[in-house]
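Student: data04.cif is reproduced in full below (mmCIF, C-alpha atoms).
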```cif
data_query
loop_
_atom_site.label_atom_id
_atom_site.label_comp_id
_atom_site.auth_asym_id
_atom_site.auth_seq_id
_atom_site.Cartn_x
_atom_site.Cartn_y
_atom_site.Cartn_z
CA ALA A 1 34.82 53.89 39.17
CA ALA A 2 32.20 51.37 40.36
CA LEU A 3 30.47 50.90 37.00
CA ALA A 4 32.24 50.02 33.76
CA PRO A 5 30.70 50.92 30.39
CA THR A 6 29.71 47.81 28.46
CA LEU A 7 32.39 48.37 25.81
CA VAL A 8 35.08 48.65 28.47
CA TRP A 9 33.93 45.55 30.36
CA GLU A 10 33.62 43.42 27.22
CA ALA A 11 37.12 44.45 26.14
CA ALA A 12 38.43 43.59 29.60
CA GLN A 13 36.84 40.14 29.44
CA ALA A 14 38.35 39.52 26.02
CA ALA A 15 41.76 40.55 27.32
CA GLU A 16 41.33 38.31 30.37
CA THR A 17 40.50 35.21 28.34
CA ALA A 18 43.38 35.97 25.97
CA GLU A 19 45.66 36.20 29.01
CA TRP A 20 44.85 32.62 30.07
CA ASN A 21 44.26 31.02 26.65
CA ASP A 22 46.42 27.87 26.37
CA SER A 23 48.04 28.70 29.71
CA TRP A 24 49.92 25.90 31.46
CA LEU A 25 49.89 27.61 34.84
CA ASP A 26 48.16 25.67 37.60
CA GLY A 27 46.82 28.53 39.67
CA ASP A 28 46.67 32.29 40.03
CA ARG A 29 48.73 33.70 42.92
CA VAL A 30 47.69 30.82 45.21
CA ALA A 31 50.62 31.15 47.63
CA GLU A 32 50.16 34.92 47.81
CA HIS A 33 46.53 34.58 48.85
CA GLN A 34 47.28 31.76 51.29
CA GLU A 35 49.73 34.11 52.99
CA GLY A 36 47.33 37.06 52.79
CA PHE A 37 44.63 35.07 54.57
CA GLY A 38 47.03 33.79 57.21
CA GLY A 39 46.75 30.24 55.94
CA TYR A 40 42.95 30.53 56.25
CA ALA A 41 43.36 29.71 59.94
CA CYS A 42 40.28 31.81 60.82
CA ALA A 43 38.01 30.08 58.33
CA PRO A 44 35.15 28.25 60.06
CA ASP A 45 35.35 24.52 60.72
CA ARG A 46 32.34 23.96 58.47
CA LEU A 47 32.15 25.43 54.97
CA GLY A 48 28.92 23.70 53.91
CA HIS A 49 27.59 24.76 50.52
CA VAL A 50 30.26 26.99 48.97
CA LEU A 51 29.99 29.57 46.20
CA GLU A 52 33.12 30.93 44.54
CA MET A 53 32.41 34.01 42.47
CA GLY A 54 34.76 34.92 39.64
CA ALA A 55 36.70 31.71 40.08
CA GLY A 56 38.88 32.01 36.98
CA PRO A 57 40.33 28.83 35.45
CA TRP A 58 41.59 27.32 38.71
CA THR A 59 39.53 28.67 41.66
CA GLN A 60 40.94 29.86 44.97
CA THR A 61 38.95 27.22 46.86
CA ARG A 62 41.66 24.72 45.93
CA GLY A 63 44.28 26.93 47.55
CA MET A 64 42.19 27.27 50.69
CA LEU A 65 41.72 23.51 50.99
CA ALA A 66 45.43 22.93 50.33
CA ALA A 67 46.22 25.24 53.24
CA ARG A 68 43.44 23.77 55.43
CA PRO A 69 42.96 20.13 54.34
CA ASP A 70 40.86 19.54 57.46
CA LEU A 71 38.10 21.63 55.90
CA GLU A 72 37.56 19.35 52.91
CA VAL A 73 35.16 17.02 54.72
CA SER A 74 32.99 20.00 55.65
CA VAL A 75 32.34 21.00 52.02
CA GLU A 76 28.90 19.78 50.95
CA SER A 77 29.06 21.28 47.46
CA LEU A 78 30.95 23.88 45.43
CA THR A 79 29.34 26.21 42.90
CA VAL A 80 31.74 28.00 40.56
CA PHE A 81 30.45 31.25 39.05
CA ASP A 82 32.47 32.89 36.25
CA PRO A 83 31.30 34.45 32.97
CA ALA A 84 34.22 32.82 31.14
CA ALA A 85 33.90 29.37 32.76
CA ASP A 86 33.03 27.59 29.50
CA PHE A 87 35.99 29.22 27.75
CA TYR A 88 38.40 28.23 30.52
CA ALA A 89 37.15 24.64 30.59
CA ASN A 90 37.77 24.30 26.85
CA HIS A 91 40.85 26.45 26.26
CA VAL A 92 42.98 26.32 29.42
CA PRO A 93 44.68 22.90 29.59
CA THR A 94 45.12 23.08 33.35
CA CYS A 95 41.62 24.35 34.16
CA ALA A 96 40.64 22.89 37.52
CA TYR A 97 37.09 22.10 36.42
CA SER A 98 37.64 21.11 32.78
CA SER A 99 35.29 18.12 33.16
CA MET A 100 32.58 20.47 34.51
CA ARG A 101 31.80 17.69 37.01
CA GLU A 102 34.81 17.45 39.35
CA LEU A 103 37.35 19.87 40.82
CA LYS A 104 40.99 18.88 40.51
CA ARG A 105 43.26 19.05 43.53
CA LEU A 106 46.47 21.06 43.46
CA ASP A 107 48.41 17.88 44.30
CA GLY A 108 46.61 15.59 41.84
CA GLY A 109 43.36 13.66 41.94
CA THR A 110 39.93 15.21 42.41
CA PHE A 111 37.74 16.31 45.29
CA SER A 112 34.74 14.17 46.14
CA PHE A 113 32.21 16.92 46.82
CA PRO A 114 29.65 17.82 44.11
CA LEU A 115 30.65 20.57 41.69
CA ARG A 116 28.42 22.89 39.69
CA VAL A 117 29.89 25.32 37.12
CA LEU A 118 27.85 28.31 35.95
CA ALA A 119 29.12 30.61 33.19
CA TYR A 120 27.42 33.81 34.36
CA GLN A 121 28.39 37.21 35.72
CA GLY A 122 28.05 37.75 39.45
CA GLU A 123 25.59 40.50 38.59
CA GLN A 124 23.26 37.74 37.30
CA LEU A 125 23.26 35.70 40.51
CA SER A 126 19.85 35.50 42.18
CA GLY A 127 17.65 33.18 44.17
CA GLN A 128 20.44 31.04 45.62
CA SER A 129 21.97 30.92 49.10
CA PHE A 130 25.21 29.50 50.44
CA ASP A 131 26.98 28.87 53.74
CA THR A 132 30.30 30.21 52.45
CA VAL A 133 30.99 32.74 49.70
CA VAL A 134 34.51 33.10 48.30
CA SER A 135 35.46 36.16 46.24
CA ILE A 136 39.20 36.73 45.86
CA ASN A 137 40.50 39.50 43.62
CA VAL A 138 37.27 39.53 41.59
CA LEU A 139 35.59 42.88 42.16
CA GLU A 140 38.01 44.79 39.93
CA HIS A 141 36.97 42.54 37.00
CA VAL A 142 33.19 43.03 37.21
CA GLN A 143 30.98 45.43 35.27
CA ASP A 144 28.83 46.78 38.10
CA ALA A 145 30.47 46.73 41.53
CA PHE A 146 27.33 47.48 43.55
CA ALA A 147 25.20 44.91 41.74
CA PHE A 148 27.94 42.31 42.19
CA LEU A 149 28.38 43.04 45.90
CA SER A 150 24.62 43.19 46.51
CA ASN A 151 24.19 39.74 44.96
CA LEU A 152 27.17 38.38 46.86
CA HIS A 153 25.68 39.67 50.12
CA ALA A 154 22.22 38.28 49.33
CA ALA A 155 23.67 34.86 48.46
CA LEU A 156 25.36 34.53 51.86
CA ARG A 157 23.06 32.99 54.44
CA PRO A 158 22.73 34.53 57.91
CA GLY A 159 25.51 33.03 59.99
CA GLY A 160 27.46 32.28 56.81
CA THR A 161 31.07 33.16 56.10
CA LEU A 162 32.54 35.53 53.54
CA ILE A 163 36.13 34.96 52.39
CA PHE A 164 37.04 38.09 50.47
CA HIS A 165 40.00 39.94 48.98
CA GLU A 166 40.19 43.09 46.92
CA ARG A 167 42.25 46.19 46.36
CA TYR A 168 40.82 49.60 47.15
CA TYR A 169 41.97 53.07 46.10
CA GLU A 170 41.68 56.26 48.13
CA ASP A 171 43.17 58.50 45.45
CA SER A 172 40.30 59.79 43.31
CA VAL A 173 42.45 60.03 40.17
CA ALA A 174 43.70 56.45 40.50
CA ALA A 175 40.18 55.21 41.26
CA ALA A 176 38.87 56.79 38.06
CA MET A 177 41.68 55.76 35.73
CA GLN A 178 39.61 53.10 33.94
CA ILE A 179 37.73 55.93 32.23
CA GLY A 180 40.78 56.47 30.03
CA TYR A 181 39.98 53.39 27.95
CA ARG A 182 41.72 52.92 24.60
CA ALA A 183 40.62 50.29 22.10
CA ASP A 184 44.20 49.16 21.49
CA GLN A 185 44.93 48.82 25.23
CA PRO A 186 41.94 47.14 26.88
CA MET A 187 42.09 47.09 30.66
CA LEU A 188 42.02 43.85 32.60
CA HIS A 189 40.67 45.63 35.70
CA PRO A 190 37.98 48.18 34.83
CA ILE A 191 36.65 48.62 38.39
CA ARG A 192 38.45 50.50 41.18
CA VAL A 193 36.59 51.20 44.41
CA ARG A 194 37.14 53.21 47.58
CA ARG A 195 37.42 51.58 51.00
CA ARG A 196 33.95 52.80 51.93
CA VAL A 197 32.45 50.47 49.31
CA LEU A 198 33.97 47.47 51.10
CA ASP A 199 32.85 48.85 54.48
CA TRP A 200 29.32 49.03 53.04
CA LEU A 201 29.50 45.33 52.11
CA LEU A 202 30.70 44.36 55.59
CA ALA A 203 28.36 46.60 57.59
CA ASP A 204 26.30 43.70 59.02
CA MET A 205 29.17 41.25 59.39
CA ASP A 206 31.50 40.36 62.25
CA ILE A 207 35.16 40.40 61.21
CA LEU A 208 36.99 37.15 62.01
CA TYR A 209 40.20 38.03 60.16
CA ASN A 210 41.45 41.29 58.70
CA ASN A 211 44.74 41.95 56.90
CA CYS A 212 45.43 45.21 55.11
CA ASN A 213 48.75 44.83 53.35
CA GLY A 214 50.38 47.80 51.70
CA HIS A 215 50.68 46.45 48.19
CA GLY A 216 47.65 44.27 47.47
CA GLY A 217 49.80 41.68 45.74
CA ARG A 218 51.36 43.00 42.56
CA GLN A 219 51.60 46.74 43.07
CA ARG A 220 50.31 48.97 40.29
CA GLY A 221 51.74 52.19 41.68
CA LEU A 222 48.29 53.78 42.03
CA GLY A 223 48.14 53.97 45.82
CA GLU A 224 46.14 50.77 46.07
CA GLN A 225 45.68 48.92 49.34
CA GLY A 226 45.16 45.17 49.55
CA TYR A 227 42.40 44.01 51.87
CA TYR A 228 41.94 40.42 53.05
CA VAL A 229 38.94 39.68 55.24
CA ILE A 230 37.05 36.69 56.63
CA ALA A 231 33.71 37.73 58.08
CA ARG A 232 30.52 36.16 59.43
CA LYS A 233 27.15 37.56 58.41
CA ARG A 234 25.06 38.38 61.46
CA GLY A 235 21.90 36.42 62.12
CA ALA A 236 21.13 32.87 63.10
CA ALA A 237 22.22 30.14 60.73
CA ALA A 238 19.50 27.85 59.44
CA GLY A 239 18.83 25.09 61.93
CA ALA A 240 20.76 26.88 64.68
#
```
Using structure tokens, write down the structure from this file.
Tutor:
Amino acid sequence: AALAPTLVWEAAQAAETAEWNDSWLDGDRVAEHQEGFGGYACAPDRLGHVLEMGAGPWTQTRGMLAARPDLEVSVESLTVFDPAADFYANHVPTCAYSSMRELKRLDGGTFSFPLRVLAYQGEQLSGQSFDTVVSINVLEHVQDAFAFLSNLHAALRPGGTLIFHERYYEDSVAAAMQIGYRADQPMLHPIRVRRRVLDWLLADMDILYNNCNGHGGRQRGLGEQGYYVIARKRGAAAGA
């Protein structure tokens, strides 16, 4: 299912914010994603202007910079895009961007690069471009997978880098299971896509790193496959 009915998506968002409300965690599966990306060793030496879509309360950019501290000086700005960003900043005590002006480090202190926080869906992103786009375990939370991925692709400049993780499902029954929505059991993950959807996103990109692990993090027993990829969008970078 690549499109979630509005009722399903809104219930999923409410369940997601309830999941993190008053949480004292300081990250979401950071070590797991660091391992999945191979310590981000294949990330480019320059990140430039960075967009993280669906950043949650803590972002995954912090985990990337913790694994590759040499990249910090290459970050010119970070834009955080998440429909629940305002909620997280006000209701999650450990939110990494609670000030809405600075991003907290995992080891204390704050990063020096400029931060912008936008409380919008990825489907609403338009008219902006970035050198690096980060989207880690986000697609399954969105309302419209193709609109989200189209905007993500458009926001990445030619020559820019995509840092992406998602689960995909080849079993048609598992992929469609979100249709069985019940009001008393809202789903946190209303979207489940096939591998060909991710191949469509990456069609004009060169793969720098690719890791298909068999469980995609926490296994749900639905035949899911985790997919970590770092890719460069073809075309000359601005000023190249």
Student: Pick the closest to A:Asn213 from A:Ala85, A:Gly54, A:Glu32, A:Ala154: which is it, counting all atoms listed in the file?
Tutor: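 The answer is A:Glu32, which sits nearest to A:Asn213.
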Student: Please provide the set of residues having any atom within 6 Å of stretch 17-25 of chain A, restricted to all atoms listed in the file, with same-chain residues fewer than 2 positions apart removed, written as a PyMOL selection string.
Tutor: chain A and resi 14-15+27+91-92+94
Student: Name the residues in contact with A:Gly160 at a cut-off of 10 Å, using all atoms listed in the file, excluding same-chain residues fewer than 5 positions from it; report them as a ChimeraX atom specification.
Tutor: /A:44,46-50,129-133,155,205,231-238
Student: Just the selected residues (C-alpha atoms), exported as a JSON list (two decimals), keeping the file's coordinate frame, please.
Tutor:
```json
[["chain", "number", "residue", "atom", "x", "y", "z"],
["A", 44, "PRO", "CA", 35.15, 28.25, 60.06],
["A", 46, "ARG", "CA", 32.34, 23.96, 58.47],
["A", 47, "LEU", "CA", 32.15, 25.43, 54.97],
["A", 48, "GLY", "CA", 28.92, 23.70, 53.91],
["A", 49, "HIS", "CA", 27.59, 24.76, 50.52],
["A", 50, "VAL", "CA", 30.26, 26.99, 48.97],
["A", 129, "SER", "CA", 21.97, 30.92, 49.10],
["A", 130, "PHE", "CA", 25.21, 29.50, 50.44],
["A", 131, "ASP", "CA", 26.98, 28.87, 53.74],
["A", 132, "THR", "CA", 30.30, 30.21, 52.45],
["A", 133, "VAL", "CA", 30.99, 32.74, 49.70],
["A", 155, "ALA", "CA", 23.67, 34.86, 48.46],
["A", 205, "MET", "CA", 29.17, 41.25, 59.39],
["A", 231, "ALA", "CA", 33.71, 37.73, 58.08],
["A", 232, "ARG", "CA", 30.52, 36.16, 59.43],
["A", 233, "LYS", "CA", 27.15, 37.56, 58.41],
["A", 234, "ARG", "CA", 25.06, 38.38, 61.46],
["A", 235, "GLY", "CA", 21.90, 36.42, 62.12],
["A", 236, "ALA", "CA", 21.13, 32.87, 63.10],
["A", 237, "ALA", "CA", 22.22, 30.14, 60.73],
["A", 238, "ALA", "CA", 19.50, 27.85, 59.44]]
```
Student: Between atom CA of A:Ser98 and atom CA of A:Glu123, what distance in Å does the model show, to one decimal?
Tutor: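 Taking atom CA of A:Ser98 as the start and atom CA of A:Glu123 as the end point, the length is 23.6 Å.
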Student: Name the residues captured by the PyMOL selection byres ((chain A and resi 70) around 12) when it is applied to the shown file; answer as a PyMOL selection string.
Tutor: chain A and resi 40-41+43-47+64-69+71-75
Student: With distances taken over all atoms listed in the file, which of A:Pro190, A:Asn90, A:Gly56, A:Gln34 is nearest to A:Glu10?
Tutor: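 Closest residue, counting all atoms listed in the file: A:Pro190.
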Student: When you draw a straight line from atom CA of A:Val30 to atom CA of A:Asn137, how long is it in Å?
Tutor: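 Rounded to one decimal, the two atoms are 11.4 Å apart.
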Student: Looking at A:Asn151, A:Asp28, A:Glu224, A:Asn211, which one is nearest to A:Arg195, with distances taken over all atoms listed in the file?
Tutor: A:Glu224
Student: Figure out the distance between atom CA of A:Lys104 and atom CA of A:Phe148, please, to one decimal in Å.
Tutor: 26.9 Å
Student: Since I can't run it myself right now, could you work out what the PyMOL selection byres ((chain A and resi 119) around 12) selects here and report it as a PyMOL selection string?
Tutor: chain A and resi 53-57+79-89+100+116-118+120-125
Student: Any chance you could export the current selection's C-alpha atoms as a compact mmCIF listing (two decimals), keeping the file's coordinate frame?
Tutor:
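Output contents, as saved in out.txt:
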```txt
# COMPACT_ATOMS: atom_id res chain seq x y z
CA MET A 53 32.41 34.01 42.47
CA GLY A 54 34.76 34.92 39.64
CA ALA A 55 36.70 31.71 40.08
CA GLY A 56 38.88 32.01 36.98
CA PRO A 57 40.33 28.83 35.45
CA THR A 79 29.34 26.21 42.90
CA VAL A 80 31.74 28.00 40.56
CA PHE A 81 30.45 31.25 39.05
CA ASP A 82 32.47 32.89 36.25
CA PRO A 83 31.30 34.45 32.97
CA ALA A 84 34.22 32.82 31.14
CA ALA A 85 33.90 29.37 32.76
CA ASP A 86 33.03 27.59 29.50
CA PHE A 87 35.99 29.22 27.75
CA TYR A 88 38.40 28.23 30.52
CA ALA A 89 37.15 24.64 30.59
CA MET A 100 32.58 20.47 34.51
CA ARG A 116 28.42 22.89 39.69
CA VAL A 117 29.89 25.32 37.12
CA LEU A 118 27.85 28.31 35.95
CA TYR A 120 27.42 33.81 34.36
CA GLN A 121 28.39 37.21 35.72
CA GLY A 122 28.05 37.75 39.45
CA GLU A 123 25.59 40.50 38.59
CA GLN A 124 23.26 37.74 37.30
CA LEU A 125 23.26 35.70 40.51
```
Student: Go through A:Ile136, A:Ala12, A:Val193, A:Leu78 one by one, measure the shortest atom-to-atom distance of each to A:Glu170 using all atoms listed in the file, and give the residue with the smallest value.
Tutor: A:Val193
Student: Could you tell me which of A:Gly39, A:Asp26, A:Asp144, A:Arg167 comes closest to A:Arg105 if we count all atoms listed in the file?
Tutor: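 Selected residue with least distance to A:Arg105: A:Asp26.
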Student: For each of A:Trp58, A:Val229, A:Leu51, A:Cys42, take the minimum atom-to-atom distance to A:Leu156, counting all atoms listed in the file, then give the residue where this is smallest.
Tutor: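 With all atoms listed in the file as the atom set, the closest residue is A:Leu51.
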